[in-house]
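File shown here: start_10.pdb, holding PDB, C-alpha atoms and all ligand atoms.
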```pdb
ATOM      1  CA  MET T   1      10.944   5.952  -8.995
ATOM      2  CA  SER T   2      10.980   2.196  -9.328
ATOM      3  CA  GLY T   3       9.171   0.109  -6.720
ATOM      4  CA  LYS T   4      10.726  -2.765  -4.833
ATOM      5  CA  LEU T   5       9.550  -6.277  -4.051
ATOM      6  CA  VAL T   6      10.208  -7.318  -0.458
ATOM      7  CA  VAL T   7       9.372 -10.838   0.734
ATOM      8  CA  PHE T   8       9.858 -10.974   4.494
ATOM      9  CA  ASN T   9      12.246 -13.451   5.986
ATOM     10  CA  HIS T  10      11.699 -13.322   9.725
ATOM     11  CA  PRO T  11      11.224 -16.225  12.150
ATOM     12  CA  LEU T  12       8.150 -14.697  13.811
ATOM     13  CA  ILE T  13       6.468 -14.069  10.468
ATOM     14  CA  HIS T  14       7.295 -17.596   9.254
ATOM     15  CA  HIS T  15       5.878 -19.059  12.462
ATOM     16  CA  LYS T  16       2.662 -17.051  12.365
ATOM     17  CA  LEU T  17       2.185 -17.725   8.656
ATOM     18  CA  ALA T  18       2.423 -21.448   9.338
ATOM     19  CA  LEU T  19      -0.379 -21.039  11.890
ATOM     20  CA  ILE T  20      -2.753 -19.278   9.494
ATOM     21  CA  ARG T  21      -1.949 -21.585   6.587
ATOM     22  CA  ASP T  22      -3.064 -24.555   8.698
ATOM     23  CA  GLU T  23      -6.609 -25.518   7.700
ATOM     24  CA  LYS T  24      -7.313 -26.504  11.309
ATOM     25  CA  THR T  25      -6.839 -22.933  12.589
ATOM     26  CA  GLY T  26     -10.221 -21.498  13.564
ATOM     27  CA  THR T  27     -11.628 -17.991  13.162
ATOM     28  CA  LYS T  28     -10.415 -16.543  16.479
ATOM     29  CA  ASP T  29      -6.792 -17.622  16.123
ATOM     30  CA  PHE T  30      -6.780 -16.871  12.399
ATOM     31  CA  ARG T  31      -8.004 -13.308  12.957
ATOM     32  CA  GLU T  32      -5.571 -12.629  15.811
ATOM     33  CA  THR T  33      -2.608 -14.023  13.906
ATOM     34  CA  VAL T  34      -3.354 -12.087  10.704
ATOM     35  CA  ALA T  35      -3.371  -8.932  12.825
ATOM     36  CA  GLU T  36      -0.076  -9.867  14.491
ATOM     37  CA  ILE T  37       1.628 -10.425  11.134
ATOM     38  CA  GLY T  38       0.231  -7.093   9.926
ATOM     39  CA  MET T  39       1.867  -5.321  12.849
ATOM     40  CA  LEU T  40       5.218  -7.033  12.365
ATOM     41  CA  MET T  41       5.178  -6.152   8.677
ATOM     42  CA  ALA T  42       4.165  -2.545   9.320
ATOM     43  CA  TYR T  43       7.307  -2.010  11.391
ATOM     44  CA  GLU T  44       9.470  -2.863   8.361
ATOM     45  CA  VAL T  45       7.216  -1.295   5.733
ATOM     46  CA  THR T  46       7.441   2.069   7.519
ATOM     47  CA  ARG T  47      11.222   1.976   7.839
ATOM     48  CA  ASN T  48      11.711   4.572   5.076
ATOM     49  CA  LEU T  49       8.895   6.965   5.963
ATOM     50  CA  PRO T  50      10.041  10.557   5.500
ATOM     51  CA  THR T  51      10.903  12.406   8.699
ATOM     52  CA  ARG T  52      11.494  16.036   9.592
ATOM     53  CA  ARG T  53      13.883  17.451  12.157
ATOM     54  CA  VAL T  54      12.254  18.829  15.278
ATOM     55  CA  SER T  55      13.543  20.332  18.434
ATOM     56  CA  VAL T  56      11.962  19.064  21.667
ATOM     57  CA  LYS T  57      12.442  20.464  25.148
ATOM     58  CA  THR T  58      13.093  17.549  27.502
ATOM     59  CA  PRO T  59      13.150  17.989  31.310
ATOM     60  CA  VAL T  60      16.928  18.266  30.968
ATOM     61  CA  GLY T  61      17.603  20.194  27.762
ATOM     62  CA  MET T  62      16.867  20.550  24.059
ATOM     63  CA  ALA T  63      16.844  17.404  21.896
ATOM     64  CA  ALA T  64      17.294  17.633  18.137
ATOM     65  CA  THR T  65      15.197  14.724  16.952
ATOM     66  CA  TYR T  66      12.777  13.553  14.242
ATOM     67  CA  MET T  67       9.065  13.153  13.661
ATOM     68  CA  LEU T  68       7.040  11.852  10.729
ATOM     69  CA  ALA T  69       6.960  14.384   7.898
ATOM     70  CA  LYS T  70       3.952  13.079   5.978
ATOM     71  CA  GLU T  71       0.513  11.732   6.747
ATOM     72  CA  VAL T  72       0.064   7.982   6.431
ATOM     73  CA  VAL T  73      -3.139   6.569   4.956
ATOM     74  CA  ILE T  74      -3.991   2.880   5.269
ATOM     75  CA  VAL T  75      -6.300   1.614   2.534
ATOM     76  CA  PRO T  76      -7.704  -1.863   3.176
ATOM     77  CA  ILE T  77      -9.341  -3.634   0.259
ATOM     78  CA  LEU T  78     -12.639  -4.958   1.620
ATOM     79  CA  ARG T  79     -13.228  -7.343   3.089
ATOM     80  CA  ALA T  80     -10.049  -9.210   3.911
ATOM     81  CA  GLY T  81      -7.843  -6.116   4.156
ATOM     82  CA  LEU T  82      -9.775  -5.116   7.279
ATOM     83  CA  GLY T  83      -8.010  -7.911   9.148
ATOM     84  CA  MET T  84      -4.723  -5.984   9.046
ATOM     85  CA  VAL T  85      -5.943  -2.441   9.756
ATOM     86  CA  ASP T  86      -6.285  -2.310  13.538
ATOM     87  CA  SER T  87      -2.830  -3.672  14.223
ATOM     88  CA  ILE T  88      -1.209  -1.262  11.755
ATOM     89  CA  THR T  89      -3.036   1.732  13.217
ATOM     90  CA  THR T  90      -1.905   0.595  16.670
ATOM     91  CA  LEU T  91       1.615   1.153  15.398
ATOM     92  CA  ILE T  92       0.744   4.394  13.547
ATOM     93  CA  PRO T  93      -2.103   5.887  15.614
ATOM     94  CA  THR T  94      -2.210   9.090  13.541
ATOM     95  CA  ALA T  95      -2.822   7.180  10.302
ATOM     96  CA  LYS T  96      -6.057   7.887   8.429
ATOM     97  CA  VAL T  97      -7.976   4.993   6.901
ATOM     98  CA  GLY T  98      -9.614   4.884   3.473
ATOM     99  CA  HIS T  99     -11.662   1.939   2.229
ATOM    100  CA  ILE T 100     -11.889   0.379  -1.211
ATOM    101  CA  GLY T 101     -14.448  -2.359  -1.747
ATOM    102  CA  VAL T 102     -13.572  -4.784  -4.521
ATOM    103  CA  TYR T 103     -14.797  -8.313  -4.940
ATOM    104  CA  ARG T 104     -13.495 -10.799  -7.445
ATOM    105  CA  ASP T 105     -15.968 -12.448  -9.799
ATOM    106  CA  GLU T 106     -15.618 -16.158  -9.047
ATOM    107  CA  LYS T 107     -15.779 -17.129 -12.726
ATOM    108  CA  THR T 108     -14.004 -14.361 -14.645
ATOM    109  CA  LEU T 109     -11.701 -13.446 -11.698
ATOM    110  CA  GLU T 110     -12.199  -9.793 -12.748
ATOM    111  CA  PRO T 111     -12.359  -7.196  -9.929
ATOM    112  CA  HIS T 112     -15.650  -5.355  -9.293
ATOM    113  CA  GLU T 113     -15.629  -2.157  -7.304
ATOM    114  CA  TYR T 114     -18.534  -1.531  -4.926
ATOM    115  CA  TYR T 115     -17.191   1.067  -2.506
ATOM    116  CA  ALA T 116     -14.532   3.755  -2.261
ATOM    117  CA  LYS T 117     -14.122   6.333   0.484
ATOM    118  CA  LEU T 118     -10.767   8.017   0.930
ATOM    119  CA  PRO T 119      -9.537  10.764   3.283
ATOM    120  CA  SER T 120      -9.133  14.156   1.588
ATOM    121  CA  ILE T 121      -5.417  14.331   2.451
ATOM    122  CA  VAL T 122      -4.747  11.099   0.530
ATOM    123  CA  THR T 123      -2.994  12.833  -2.383
ATOM    124  CA  GLU T 124      -0.167  14.164  -0.178
ATOM    125  CA  ALA T 125       0.070  11.054   2.000
ATOM    126  CA  VAL T 126       2.145   7.909   2.046
ATOM    127  CA  VAL T 127      -0.469   5.291   1.180
ATOM    128  CA  LEU T 128      -0.331   1.658   2.280
ATOM    129  CA  ILE T 129      -2.841  -0.578   0.480
ATOM    130  CA  VAL T 130      -3.502  -3.672   2.573
ATOM    131  CA  ASP T 131      -5.034  -6.889   1.303
ATOM    132  CA  PRO T 132      -3.803 -10.256   2.610
ATOM    133  CA  MET T 133      -4.003 -12.030  -0.756
ATOM    134  CA  LEU T 134      -2.389 -11.101  -4.095
ATOM    135  CA  ALA T 135      -3.731 -13.731  -6.519
ATOM    136  CA  THR T 136      -4.222 -12.528 -10.121
ATOM    137  CA  GLY T 137      -3.402  -9.034  -8.837
ATOM    138  CA  GLY T 138      -6.632  -7.645 -10.328
ATOM    139  CA  SER T 139      -7.973  -6.275  -7.016
ATOM    140  CA  VAL T 140      -4.755  -4.532  -5.977
ATOM    141  CA  LYS T 141      -4.206  -3.172  -9.496
ATOM    142  CA  HIS T 142      -7.735  -1.763  -9.423
ATOM    143  CA  ALA T 143      -7.136  -0.117  -6.027
ATOM    144  CA  ILE T 144      -3.900   1.436  -7.305
ATOM    145  CA  ASP T 145      -5.749   2.713 -10.403
ATOM    146  CA  ILE T 146      -8.305   4.456  -8.156
ATOM    147  CA  LEU T 147      -5.608   6.057  -6.008
ATOM    148  CA  LYS T 148      -3.500   7.213  -8.955
ATOM    149  CA  ASN T 149      -6.586   8.680 -10.650
ATOM    150  CA  LYS T 150      -6.973  10.814  -7.529
ATOM    151  CA  GLY T 151      -3.365  11.979  -7.823
ATOM    152  CA  VAL T 152      -1.715   9.780  -5.194
ATOM    153  CA  THR T 153       1.970   9.248  -5.935
ATOM    154  CA  ASP T 154       3.451   7.421  -2.941
ATOM    155  CA  ILE T 155       1.870   3.953  -2.855
ATOM    156  CA  SER T 156       2.964   0.651  -1.332
ATOM    157  CA  TYR T 157       1.052  -2.606  -1.210
ATOM    158  CA  VAL T 158       1.246  -4.797   1.911
ATOM    159  CA  GLY T 159      -0.032  -8.377   1.747
ATOM    160  CA  LEU T 160       0.446 -11.745   3.371
ATOM    161  CA  VAL T 161       0.606 -14.264   0.549
ATOM    162  CA  GLY T 162       1.234 -13.496  -3.112
ATOM    163  CA  ALA T 163       1.341 -15.499  -6.329
ATOM    164  CA  PRO T 164       3.920 -14.793  -9.035
ATOM    165  CA  GLU T 165       1.061 -13.904 -11.420
ATOM    166  CA  GLY T 166      -0.120 -11.112  -9.119
ATOM    167  CA  VAL T 167       3.364  -9.737  -8.555
ATOM    168  CA  ARG T 168       3.945  -9.651 -12.326
ATOM    169  CA  LYS T 169       0.691  -7.783 -12.911
ATOM    170  CA  ILE T 170       1.501  -5.057 -10.384
ATOM    171  CA  GLN T 171       5.064  -4.728 -11.639
ATOM    172  CA  LYS T 172       3.814  -4.471 -15.227
ATOM    173  CA  PHE T 173       1.054  -1.884 -14.716
ATOM    174  CA  HIS T 174       2.430  -0.034 -11.684
ATOM    175  CA  PRO T 175       6.211  -0.497 -11.599
ATOM    176  CA  ASP T 176       6.599   2.416  -9.158
ATOM    177  CA  VAL T 177       4.574   0.704  -6.403
ATOM    178  CA  ASN T 178       6.439  -1.142  -3.629
ATOM    179  CA  ILE T 179       5.218  -4.683  -2.926
ATOM    180  CA  PHE T 180       5.653  -6.126   0.581
ATOM    181  CA  LEU T 181       4.695  -9.760   1.116
ATOM    182  CA  ALA T 182       5.052 -12.186   4.011
ATOM    183  CA  ALA T 183       5.372 -15.039   1.482
ATOM    184  CA  LEU T 184       5.558 -15.542  -2.265
ATOM    185  CA  ASP T 185       3.866 -18.819  -3.128
ATOM    186  CA  GLU T 186       4.147 -21.188  -6.069
ATOM    187  CA  LYS T 187       1.230 -20.468  -8.407
ATOM    188  CA  LEU T 188      -2.513 -20.034  -8.925
ATOM    189  CA  ASN T 189      -4.761 -23.045  -9.435
ATOM    190  CA  GLU T 190      -7.496 -23.272 -12.086
ATOM    191  CA  TYR T 191      -9.921 -21.436  -9.758
ATOM    192  CA  GLY T 192      -7.543 -18.535  -9.225
ATOM    193  CA  PHE T 193      -6.633 -19.616  -5.680
ATOM    194  CA  ILE T 194      -3.058 -19.266  -4.465
ATOM    195  CA  VAL T 195      -1.292 -22.635  -4.053
ATOM    196  CA  PRO T 196      -0.528 -23.573  -1.332
ATOM    197  CA  GLY T 197      -1.826 -20.247   0.062
ATOM    198  CA  LEU T 198      -4.196 -20.297   3.012
ATOM    199  CA  GLY T 199      -7.628 -20.575   1.402
ATOM    200  CA  ASP T 200     -10.145 -17.741   1.226
ATOM    201  CA  CYS T 201      -8.795 -15.172   3.682
ATOM    202  CA  GLY T 202     -12.031 -13.151   3.897
ATOM    203  CA  ASP T 203     -14.094 -16.232   4.713
ATOM    204  CA  ARG T 204     -11.585 -17.446   7.282
ATOM    205  CA  LEU T 205     -11.358 -14.010   8.957
ATOM    206  CA  PHE T 206     -15.079 -13.484   9.208
ATOM    207  CA  GLY T 207     -16.256 -17.084   9.530
ATOM    208  CA  THR T 208     -18.471 -16.907   6.463
ATOM    209  CA  LYS T 209     -17.886 -20.445   5.277
TER     210      LYS T 209
HETATM  211  C1  LIG E 301      -9.934 -11.967  -2.337
HETATM  212  C2  LIG E 301      -8.743 -11.404  -1.598
HETATM  213  C3  LIG E 301      -8.275 -10.305  -2.515
HETATM  214  C4  LIG E 301      -8.596 -10.858  -3.881
HETATM  215  C5  LIG E 301      -7.341 -11.416  -4.496
HETATM  216  O1  LIG E 301     -11.036 -11.186  -2.079
HETATM  217  O2  LIG E 301      -9.039 -10.942  -0.316
HETATM  218  O3  LIG E 301      -8.966  -9.078  -2.321
HETATM  219  O4  LIG E 301      -9.558 -11.906  -3.703
HETATM  220  O5  LIG E 301      -7.581 -11.848  -5.795
HETATM  221  P1  LIG E 301      -6.996 -11.126  -7.078
HETATM  222  O6  LIG E 301      -5.568 -10.804  -6.801
HETATM  223  O7  LIG E 301      -7.152 -12.175  -8.139
HETATM  224  O8  LIG E 301      -7.829  -9.910  -7.364
HETATM  225  P2  LIG E 301     -12.527 -11.608  -2.505
HETATM  226  O9  LIG E 301     -12.863 -11.140  -3.878
HETATM  227  O10 LIG E 301     -12.723 -13.078  -2.236
HETATM  228  O11 LIG E 301     -13.410 -10.731  -1.549
HETATM  229  P3  LIG E 301     -13.517 -10.753   0.049
HETATM  230  O12 LIG E 301     -12.247 -10.134   0.592
HETATM  231  O13 LIG E 301     -14.711  -9.908   0.295
HETATM  232  O14 LIG E 301     -13.681 -12.175   0.500
END
```
Would you give me this structure, written as structure tokens?
Amino acid sequence: MSGKLVVFNHPLIHHKLALIRDEKTGTKDFRETVAEIGMLMAYEVTRNLPTRRVSVKTPVGMAATYMLAKEVVIVPILRAGLGMVDSITTLIPTAKVGHIGVYRDEKTLEPHEYYAKLPSIVTEAVVLIVDPMLATGGSVKHAIDILKNKGVTDISYVGLVGAPEGVRKIQKFHPDVNIFLAALDEKLNEYGFIVPGLGDCGDRLFGTK
């Protein structure tokens, strides 16, 4: 199955993205707005989740209706991915959460894994990798590698801002993975930062700079 690239075009997402791109936005508002965008995106990202027919007894009669057919696992890439988890699990309260810790070497820009803990049902689940930034794509590619090595087959990536370089890398190495972005920016600069982007999302979320 071939994955799709979806770049959201929604007034609320545009508005909230403008807020978090602004360098004057402080930690509290940044964190809240990242979460809000995550929730708005999750509504669309989950549009094609598989469902099964169920029959429910209402106070008035029997309703032939639908419920989710598969488990959903959210996999944030630490640290910045954490900023989108709570709002997505608010929308999908039954979702399990796995964590993959990857940091990017500031000089080589290569991803380094330092943590991975996934729920046992991950192989049968619909997996949503969340990481706000897709720069070179090294971190997301690495997370997909880990999941596929475990046998996961249904993977989507959900991020806020992507660079064309990162999109190309995922499409080249993992063409079956869906990519959902709130914005696709112009390019990477010489330090591997997305331009215009929003700066270092992890630092802005957690106030570490
Ligand atoms: C940032 C960002 C992504 C990654 C993107 O994380 O949150 O995970 O870099 O870059 P890439 O596409 O080139 O791999 P960082 O390594 O700064 O770690 P942090 O989230 O802990 O701040």
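Taking all atoms listed in the file into account, ligand LIG 301 (chain E) lies nearest to T:Gly137 out of the set T:Gly38, T:Gly207, T:Gly137, T:Gly81.
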Minimum-distance residue to ligand LIG 301 (chain E), chosen among T:Val158, T:Ala163, T:Leu128, T:Ala135 (using all atoms listed in the file): T:Ala135
Site check for ligand LIG 301 (chain E): residues at most 8 Å away, all atoms listed in the file, as a count of residues only: 32
Sort by chain and increasing residue number a table of all residues of range 115-201 of chain T within 10 Å of range 82-97 of chain T, each with its closest pair of atoms and their distance in Å to one decimal, counting only C-alpha atoms, and write it as CSV.
```
residue,atom,partner,partner_atom,distance
T:Lys117,CA,T:Val97,CA,9.0
T:Leu118,CA,T:Val97,CA,7.3
T:Pro119,CA,T:Lys96,CA,6.8
T:Ser120,CA,T:Lys96,CA,9.8
T:Ile121,CA,T:Lys96,CA,8.8
T:Val122,CA,T:Lys96,CA,8.6
T:Ala125,CA,T:Lys96,CA,9.4
T:Val126,CA,T:Ala95,CA,9.7
T:Val127,CA,T:Val97,CA,9.4
T:Leu128,CA,T:Val97,CA,9.5
T:Ile129,CA,T:Val97,CA,9.9
T:Val130,CA,T:Met84,CA,7.0
T:Asp131,CA,T:Met84,CA,7.8
T:Pro132,CA,T:Met84,CA,7.8
T:Val158,CA,T:Met84,CA,9.4
T:Gly159,CA,T:Met84,CA,9.0
T:Leu160,CA,T:Met84,CA,9.6
T:Cys201,CA,T:Gly83,CA,9.1
```
Written selection (C-alpha atoms) as a PDB file, keeping the file's coordinate frame:
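Output below, filename out.pdb:
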```pdb
ATOM      1  CA  LYS T 117     -14.122   6.333   0.484  1.00  0.00           C
ATOM      2  CA  LEU T 118     -10.767   8.017   0.930  1.00  0.00           C
ATOM      3  CA  PRO T 119      -9.537  10.764   3.283  1.00  0.00           C
ATOM      4  CA  SER T 120      -9.133  14.156   1.588  1.00  0.00           C
ATOM      5  CA  ILE T 121      -5.417  14.331   2.451  1.00  0.00           C
ATOM      6  CA  VAL T 122      -4.747  11.099   0.530  1.00  0.00           C
ATOM      7  CA  ALA T 125       0.070  11.054   2.000  1.00  0.00           C
ATOM      8  CA  VAL T 126       2.145   7.909   2.046  1.00  0.00           C
ATOM      9  CA  VAL T 127      -0.469   5.291   1.180  1.00  0.00           C
ATOM     10  CA  LEU T 128      -0.331   1.658   2.280  1.00  0.00           C
ATOM     11  CA  ILE T 129      -2.841  -0.578   0.480  1.00  0.00           C
ATOM     12  CA  VAL T 130      -3.502  -3.672   2.573  1.00  0.00           C
ATOM     13  CA  ASP T 131      -5.034  -6.889   1.303  1.00  0.00           C
ATOM     14  CA  PRO T 132      -3.803 -10.256   2.610  1.00  0.00           C
ATOM     15  CA  VAL T 158       1.246  -4.797   1.911  1.00  0.00           C
ATOM     16  CA  GLY T 159      -0.032  -8.377   1.747  1.00  0.00           C
ATOM     17  CA  LEU T 160       0.446 -11.745   3.371  1.00  0.00           C
ATOM     18  CA  CYS T 201      -8.795 -15.172   3.682  1.00  0.00           C
TER      19      CYS T 201
END
```
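From CA of Met41 in chain T back to CA of Gly197 in chain T, the distance works out to 17.9 Å.
Nearest residue to Ala183 in chain T, choosing from T:Arg204, T:Glu44, T:Tyr114, T:Pro164 and counting all atoms listed in the file: T:Pro164.
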Output check: residues returned by the PyMOL selection byres (((chain T and resi 153) around 10) and not hetatm), as a ChimeraX atom specification: /T:122-127,144,147-152,154-156,176-177
Could you list, as a VMD selection string, every residue matched by the PyMOL selection byres (((chain T and resi 63-71) around 7) and not hetatm) in this structure? chain T and resid 50 to 58 61 to 62 72 to 73 95 125 to 126
Put those residues in a file: C-alpha atoms, as a tab-separated table (two decimals), in the frame of the given file.
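selection-v6.tsv, freshly written:
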```
chain	number	residue	atom	x	y	z
T	50	PRO	CA	10.04	10.56	5.50
T	51	THR	CA	10.90	12.41	8.70
T	52	ARG	CA	11.49	16.04	9.59
T	53	ARG	CA	13.88	17.45	12.16
T	54	VAL	CA	12.25	18.83	15.28
T	55	SER	CA	13.54	20.33	18.43
T	56	VAL	CA	11.96	19.06	21.67
T	57	LYS	CA	12.44	20.46	25.15
T	58	THR	CA	13.09	17.55	27.50
T	61	GLY	CA	17.60	20.19	27.76
T	62	MET	CA	16.87	20.55	24.06
T	72	VAL	CA	0.06	7.98	6.43
T	73	VAL	CA	-3.14	6.57	4.96
T	95	ALA	CA	-2.82	7.18	10.30
T	125	ALA	CA	0.07	11.05	2.00
T	126	VAL	CA	2.14	7.91	2.05
```
Kindly list the centre and edge lengths in Å, rounded to one decimal, for the axis-aligned box that covers all listed atoms of range 189-200 of chain T plus 4 Å on each of its six sides, as AutoDock Vina command-line options.
```
--center_x -5.3 --center_y -20.7 --center_z -4.5 --size_x 17.6 --size_y 13.8 --size_z 23.1
```
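If you measure from each of T:Ile170, T:Ile74, T:Leu205, T:Leu198 to Ser2 in chain T using all atoms listed in the file, the closest one turns out to be T:Ile170.
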Counting all atoms listed in the file, note down every residue that has an atom within 7 Å of the point (9.5, -11.5, 3.2) (file coordinates), as a PDB file with C-alpha atoms, keeping the file's coordinate frame.
```pdb
ATOM      1  CA  VAL T   6      10.208  -7.318  -0.458  1.00  0.00           C
ATOM      2  CA  VAL T   7       9.372 -10.838   0.734  1.00  0.00           C
ATOM      3  CA  PHE T   8       9.858 -10.974   4.494  1.00  0.00           C
ATOM      4  CA  ASN T   9      12.246 -13.451   5.986  1.00  0.00           C
ATOM      5  CA  LEU T 181       4.695  -9.760   1.116  1.00  0.00           C
ATOM      6  CA  ALA T 182       5.052 -12.186   4.011  1.00  0.00           C
ATOM      7  CA  ALA T 183       5.372 -15.039   1.482  1.00  0.00           C
TER       8      ALA T 183
END
```
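Between Ile20 in chain T and the candidates T:Val161, T:Ile146, T:Ile100, T:Pro175, the tightest atom-to-atom separation, counting only C-alpha atoms, involves T:Val161.
Atom pair CA of Lys187 in chain T / CA of Leu5 in chain T has a distance of 17.0 Å (rounded to one decimal).
One finds CA of Ala116 in chain T at 22.7 Å from CA of Ala35 in chain T.
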Can you give me N, CA and C atoms for range 56-74 of chain T, written as a PDB file, in the frame of the given file?
```
ATOM      1  N   VAL T  56      12.879  19.354  20.568  1.00  0.00           N
ATOM      2  CA  VAL T  56      11.962  19.064  21.667  1.00  0.00           C
ATOM      3  C   VAL T  56      12.638  19.409  22.982  1.00  0.00           C
ATOM      4  N   LYS T  57      11.886  20.101  23.836  1.00  0.00           N
ATOM      5  CA  LYS T  57      12.442  20.464  25.148  1.00  0.00           C
ATOM      6  C   LYS T  57      12.189  19.302  26.108  1.00  0.00           C
ATOM      7  N   THR T  58      13.223  18.635  26.514  1.00  0.00           N
ATOM      8  CA  THR T  58      13.093  17.549  27.502  1.00  0.00           C
ATOM      9  C   THR T  58      13.194  18.166  28.896  1.00  0.00           C
ATOM     10  N   PRO T  59      12.964  17.415  29.959  1.00  0.00           N
ATOM     11  CA  PRO T  59      13.150  17.989  31.310  1.00  0.00           C
ATOM     12  C   PRO T  59      14.581  18.428  31.565  1.00  0.00           C
ATOM     13  N   VAL T  60      15.515  17.996  30.713  1.00  0.00           N
ATOM     14  CA  VAL T  60      16.928  18.266  30.968  1.00  0.00           C
ATOM     15  C   VAL T  60      17.546  19.245  29.969  1.00  0.00           C
ATOM     16  N   GLY T  61      17.001  19.314  28.763  1.00  0.00           N
ATOM     17  CA  GLY T  61      17.603  20.194  27.762  1.00  0.00           C
ATOM     18  C   GLY T  61      16.860  20.094  26.449  1.00  0.00           C
ATOM     19  N   MET T  62      17.492  20.602  25.391  1.00  0.00           N
ATOM     20  CA  MET T  62      16.867  20.550  24.059  1.00  0.00           C
ATOM     21  C   MET T  62      17.382  19.330  23.304  1.00  0.00           C
ATOM     22  N   ALA T  63      16.464  18.570  22.696  1.00  0.00           N
ATOM     23  CA  ALA T  63      16.844  17.404  21.896  1.00  0.00           C
ATOM     24  C   ALA T  63      16.520  17.682  20.444  1.00  0.00           C
ATOM     25  N   ALA T  64      17.528  17.545  19.578  1.00  0.00           N
ATOM     26  CA  ALA T  64      17.294  17.633  18.137  1.00  0.00           C
ATOM     27  C   ALA T  64      16.901  16.236  17.693  1.00  0.00           C
ATOM     28  N   THR T  65      15.669  16.073  17.253  1.00  0.00           N
ATOM     29  CA  THR T  65      15.197  14.724  16.952  1.00  0.00           C
ATOM     30  C   THR T  65      14.305  14.745  15.707  1.00  0.00           C
ATOM     31  N   TYR T  66      13.545  13.690  15.486  1.00  0.00           N
ATOM     32  CA  TYR T  66      12.777  13.553  14.242  1.00  0.00           C
ATOM     33  C   TYR T  66      11.339  13.173  14.533  1.00  0.00           C
ATOM     34  N   MET T  67      10.447  13.621  13.637  1.00  0.00           N
ATOM     35  CA  MET T  67       9.065  13.153  13.661  1.00  0.00           C
ATOM     36  C   MET T  67       8.627  12.881  12.226  1.00  0.00           C
ATOM     37  N   LEU T  68       7.517  12.169  12.078  1.00  0.00           N
ATOM     38  CA  LEU T  68       7.040  11.852  10.729  1.00  0.00           C
ATOM     39  C   LEU T  68       6.734  13.144   9.971  1.00  0.00           C
ATOM     40  N   ALA T  69       7.135  13.172   8.691  1.00  0.00           N
ATOM     41  CA  ALA T  69       6.960  14.384   7.898  1.00  0.00           C
ATOM     42  C   ALA T  69       5.693  14.349   7.052  1.00  0.00           C
ATOM     43  N   LYS T  70       5.134  13.176   6.846  1.00  0.00           N
ATOM     44  CA  LYS T  70       3.952  13.079   5.978  1.00  0.00           C
ATOM     45  C   LYS T  70       2.861  12.274   6.663  1.00  0.00           C
ATOM     46  N   GLU T  71       1.638  12.540   6.262  1.00  0.00           N
ATOM     47  CA  GLU T  71       0.513  11.732   6.747  1.00  0.00           C
ATOM     48  C   GLU T  71       0.635  10.320   6.177  1.00  0.00           C
ATOM     49  N   VAL T  72       0.130   9.357   6.922  1.00  0.00           N
ATOM     50  CA  VAL T  72       0.064   7.982   6.431  1.00  0.00           C
ATOM     51  C   VAL T  72      -1.404   7.599   6.303  1.00  0.00           C
ATOM     52  N   VAL T  73      -1.768   7.041   5.164  1.00  0.00           N
ATOM     53  CA  VAL T  73      -3.139   6.569   4.956  1.00  0.00           C
ATOM     54  C   VAL T  73      -3.109   5.060   4.678  1.00  0.00           C
ATOM     55  N   ILE T  74      -3.865   4.325   5.476  1.00  0.00           N
ATOM     56  CA  ILE T  74      -3.991   2.880   5.269  1.00  0.00           C
ATOM     57  C   ILE T  74      -5.251   2.662   4.433  1.00  0.00           C
TER      58      ILE T  74
END
```
